[in-house]
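What follows is a set of notes on a single structure, which appears directly below.
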Amino acid sequence: MTIATVMVYVDPEQQAEGQVRIARDAANKFGASLIGISAFAVEPPFVAEGVIIQETTADDLKRMKSALADKEQWFRSVAGLPKERVEWRCSVDYPTAFLTNEARSADLVVIRRTQEKMDQFHFIDPAEAMMRMGRPTLLVPDHVPALNADHVLVGWKDTREARIAVRDALPFLSKASQVTVVEICTSNEQDAARRRVRDVAKYLQAHAVKCQVDVRVHMAEPDAHQLVRVAKDEGADLIVTGGYGHSRLGEWMFGGMTRGLLNEAPVCVMMSH
């Protein structure tokens with residue numbers, strides 16, 4: 001796999017540059033182009049007892065479109081790449097749906113890990129986007145200004161999602177100076193876990209990836225906490241895992257590891273579903 005196009009979502013009212021800078025750095029790392037994405041949806045009129053209390057006016061819509069145009073200039077300034085390598089796409093549409101559709105053009109999608117508000121009209125839902133896009137997703141904490149990806153921790157689980165995540169992450173893994181593949185298992189699974197991570201290491205080594213393996217036994221703390229602690233101990237600045245979840249009655253239900261990393265990981269997390 002190669003990364004030829006990096007896509008990054010920009011909130012229309014966003015001021016922080018974090019994930020845009022990281023997307024730009026990833027584009028430079030792989031000689032890729034960069035696409036900025038932004039959107040908002042028009043809220044339906046608020047009606048009480050048959051009376052319209054609040055609705056979006058033509059002037060409101062004009063101001064919102066103007067804000068998207070201004071955000072394009074901000075994005076291009078932060079990206080700082082040659083004009084021919086940068087593209088901007090925006091729309092009056094639900095942000096998560098718009099990003100999910102446009103992700104067909106990208107090899108990697110970069111988004112802020114933190115959801116600003118539970119507001120489907122103005123903000124994306126990072127977790128839902130990751131599950132729906134069918135693209136590797138780099139989730140960036142607000143306080144992380146850069147991503148070296150020099151030491152990468154792979155959270156292994158012998159599942160389809162983890163196998164896809166490792167394959168998707170190969171461009172990053174092949175450039176890292178150290179990759180650690182770790183599986184967290186029960187005490188009676190350690191031998192089988194060692195065989196699994198050794199197989200993953202052989203696969204990665206065949207792709208010229210320098211890696212080591214580690215097996216940890218489940219502890220009282222949640223697996224996500226344990227994986228984050230391993231990342232800190234190893235000095236890793238990127239965690240690669242599968243993204244686990246399913247939709248139920250219109251809402252996404254996430255596995256414990258996925259939910260924990262989305263809420264708490266202090267470093268960038270790359271997930272594939």
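Ordering of the structure tokens sets the chain letters (A, B, ...); residue numbers start at 1 within each chain; ligands are numbered from 1 in the order shown.
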**All residues 7 Å or closer to range 40-43 of chain A, only C-alpha atoms, same chain fewer than 6 positions away omitted, as a list in words** = Thr56, Ser91, Val92, Asp93, Tyr94, Pro95, Phe121 and His122 of chain A
**Asked** In range 34-259 of chain A, what's helix (DSSP H, G or I) per DSSP? Answer as a PyMOL selection string?
**Response** chain A and resi 58-79+83-85+95-105+126-133+160-168+170-175+187-206+223-234+256-259
Write a file of the just-selected residues containing C-alpha atoms, as a compact mmCIF listing (two decimals), in the first residue's frame.
# COMPACT_ATOMS: atom_id res chain seq x y z
CA ALA A 58 -31.25 33.10 3.82
CA ASP A 59 -28.87 35.52 5.56
CA ASP A 60 -27.84 32.81 8.02
CA LEU A 61 -27.10 30.46 5.14
CA LYS A 62 -25.09 33.14 3.37
CA ARG A 63 -23.00 33.74 6.51
CA MET A 64 -22.37 30.02 6.93
CA LYS A 65 -21.22 29.62 3.33
CA SER A 66 -18.97 32.63 3.77
CA ALA A 67 -17.46 30.99 6.86
CA LEU A 68 -16.65 27.88 4.79
CA ALA A 69 -14.93 30.05 2.18
CA ASP A 70 -12.91 31.78 4.90
CA LYS A 71 -11.97 28.40 6.36
CA GLU A 72 -10.56 27.36 2.99
CA GLN A 73 -8.12 30.26 3.08
CA TRP A 74 -7.19 29.39 6.67
CA PHE A 75 -6.66 25.74 5.70
CA ARG A 76 -4.45 26.56 2.72
CA SER A 77 -2.39 28.91 4.87
CA VAL A 78 -1.85 26.28 7.59
CA ALA A 79 -1.11 23.55 5.02
CA LYS A 83 -1.22 24.94 -4.75
CA GLU A 84 -1.25 21.91 -7.02
CA ARG A 85 -0.93 19.56 -4.02
CA PRO A 95 -20.52 16.67 8.28
CA THR A 96 -20.09 12.97 9.08
CA ALA A 97 -22.01 11.89 5.97
CA PHE A 98 -20.08 14.31 3.74
CA LEU A 99 -16.70 13.15 5.05
CA THR A 100 -17.72 9.50 4.73
CA ASN A 101 -18.66 9.98 1.07
CA GLU A 102 -15.62 12.06 0.15
CA ALA A 103 -13.24 9.55 1.80
CA ARG A 104 -13.42 7.50 -1.40
CA SER A 105 -10.72 9.88 -2.71
CA PRO A 126 -15.05 10.80 14.82
CA ALA A 127 -15.96 7.26 15.91
CA GLU A 128 -18.84 6.92 13.47
CA ALA A 129 -16.74 8.34 10.64
CA MET A 130 -13.95 5.85 11.36
CA MET A 131 -16.41 2.95 11.27
CA ARG A 132 -18.14 4.03 8.07
CA MET A 133 -15.37 5.34 5.79
CA ARG A 160 -9.98 -9.21 10.46
CA GLU A 161 -9.85 -5.59 11.67
CA ALA A 162 -6.35 -5.94 13.13
CA ARG A 163 -5.05 -7.60 9.96
CA ILE A 164 -6.46 -4.77 7.85
CA ALA A 165 -5.00 -2.19 10.25
CA VAL A 166 -1.50 -3.66 9.99
CA ARG A 167 -1.70 -3.76 6.20
CA ASP A 168 -3.04 -0.19 6.05
CA LEU A 170 2.57 -0.45 6.32
CA PRO A 171 3.64 2.94 4.87
CA PHE A 172 4.15 4.24 8.43
CA LEU A 173 5.60 1.00 9.77
CA SER A 174 8.18 0.73 6.99
CA LYS A 175 9.52 4.20 7.84
CA SER A 187 -2.76 -16.19 31.24
CA ASN A 188 -3.62 -19.50 29.57
CA GLU A 189 -3.32 -18.01 26.05
CA GLN A 190 0.28 -16.82 26.27
CA ASP A 191 1.84 -19.54 24.12
CA ALA A 192 -0.74 -19.08 21.37
CA ALA A 193 -0.37 -15.29 21.59
CA ARG A 194 3.40 -15.56 21.17
CA ARG A 195 2.91 -17.63 18.02
CA ARG A 196 0.48 -15.07 16.66
CA VAL A 197 2.67 -12.02 17.23
CA ARG A 198 5.72 -13.86 15.84
CA ASP A 199 3.73 -14.52 12.66
CA VAL A 200 2.83 -10.83 12.47
CA ALA A 201 6.49 -9.92 12.96
CA LYS A 202 7.53 -12.25 10.12
CA TYR A 203 4.90 -10.69 7.87
CA LEU A 204 6.19 -7.20 8.69
CA GLN A 205 9.84 -8.19 8.33
CA ALA A 206 9.03 -9.48 4.83
CA ASP A 223 -7.06 -3.32 28.03
CA ALA A 224 -7.04 0.20 26.56
CA HIS A 225 -5.34 1.53 29.71
CA GLN A 226 -2.83 -1.28 29.57
CA LEU A 227 -2.04 -0.64 25.90
CA VAL A 228 -1.59 3.09 26.56
CA ARG A 229 0.75 2.27 29.44
CA VAL A 230 2.81 0.00 27.17
CA ALA A 231 2.96 2.81 24.59
CA LYS A 232 4.28 5.19 27.26
CA ASP A 233 6.83 2.64 28.50
CA GLU A 234 8.03 2.02 24.94
CA GLY A 256 -13.93 -1.72 25.04
CA MET A 257 -10.48 -1.25 23.46
CA THR A 258 -11.80 1.01 20.70
CA ARG A 259 -13.90 3.11 23.06
**Asked** In terms of the shortest atom-to-atom distance over only C-alpha atoms, which of A:Pro82, A:Gly235, A:Gly36, A:Pro266 is closest to Thr180 in chain A?
**Response**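 Closest to Thr180 in chain A of all the choices is A:Gly235.
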**Message:** Considering only C-alpha atoms, can you say which of A:Thr114, A:Asn148, A:Ser38, A:Gln178 comes closest to Asp25 in chain A?
**Reply:**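 With only C-alpha atoms as the atom set, the closest residue is A:Asn148.
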**Message:** I'd like the interatomic distance between CA of Met7 in chain A and CA of Val110 in chain A, to a tenth of an Å.
**Reply:**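 A separation of 6.1 Å between them.
Pairwise distance (CA of Asp125 in chain A, CA of Ala236 in chain A) equals 26.1 Å.
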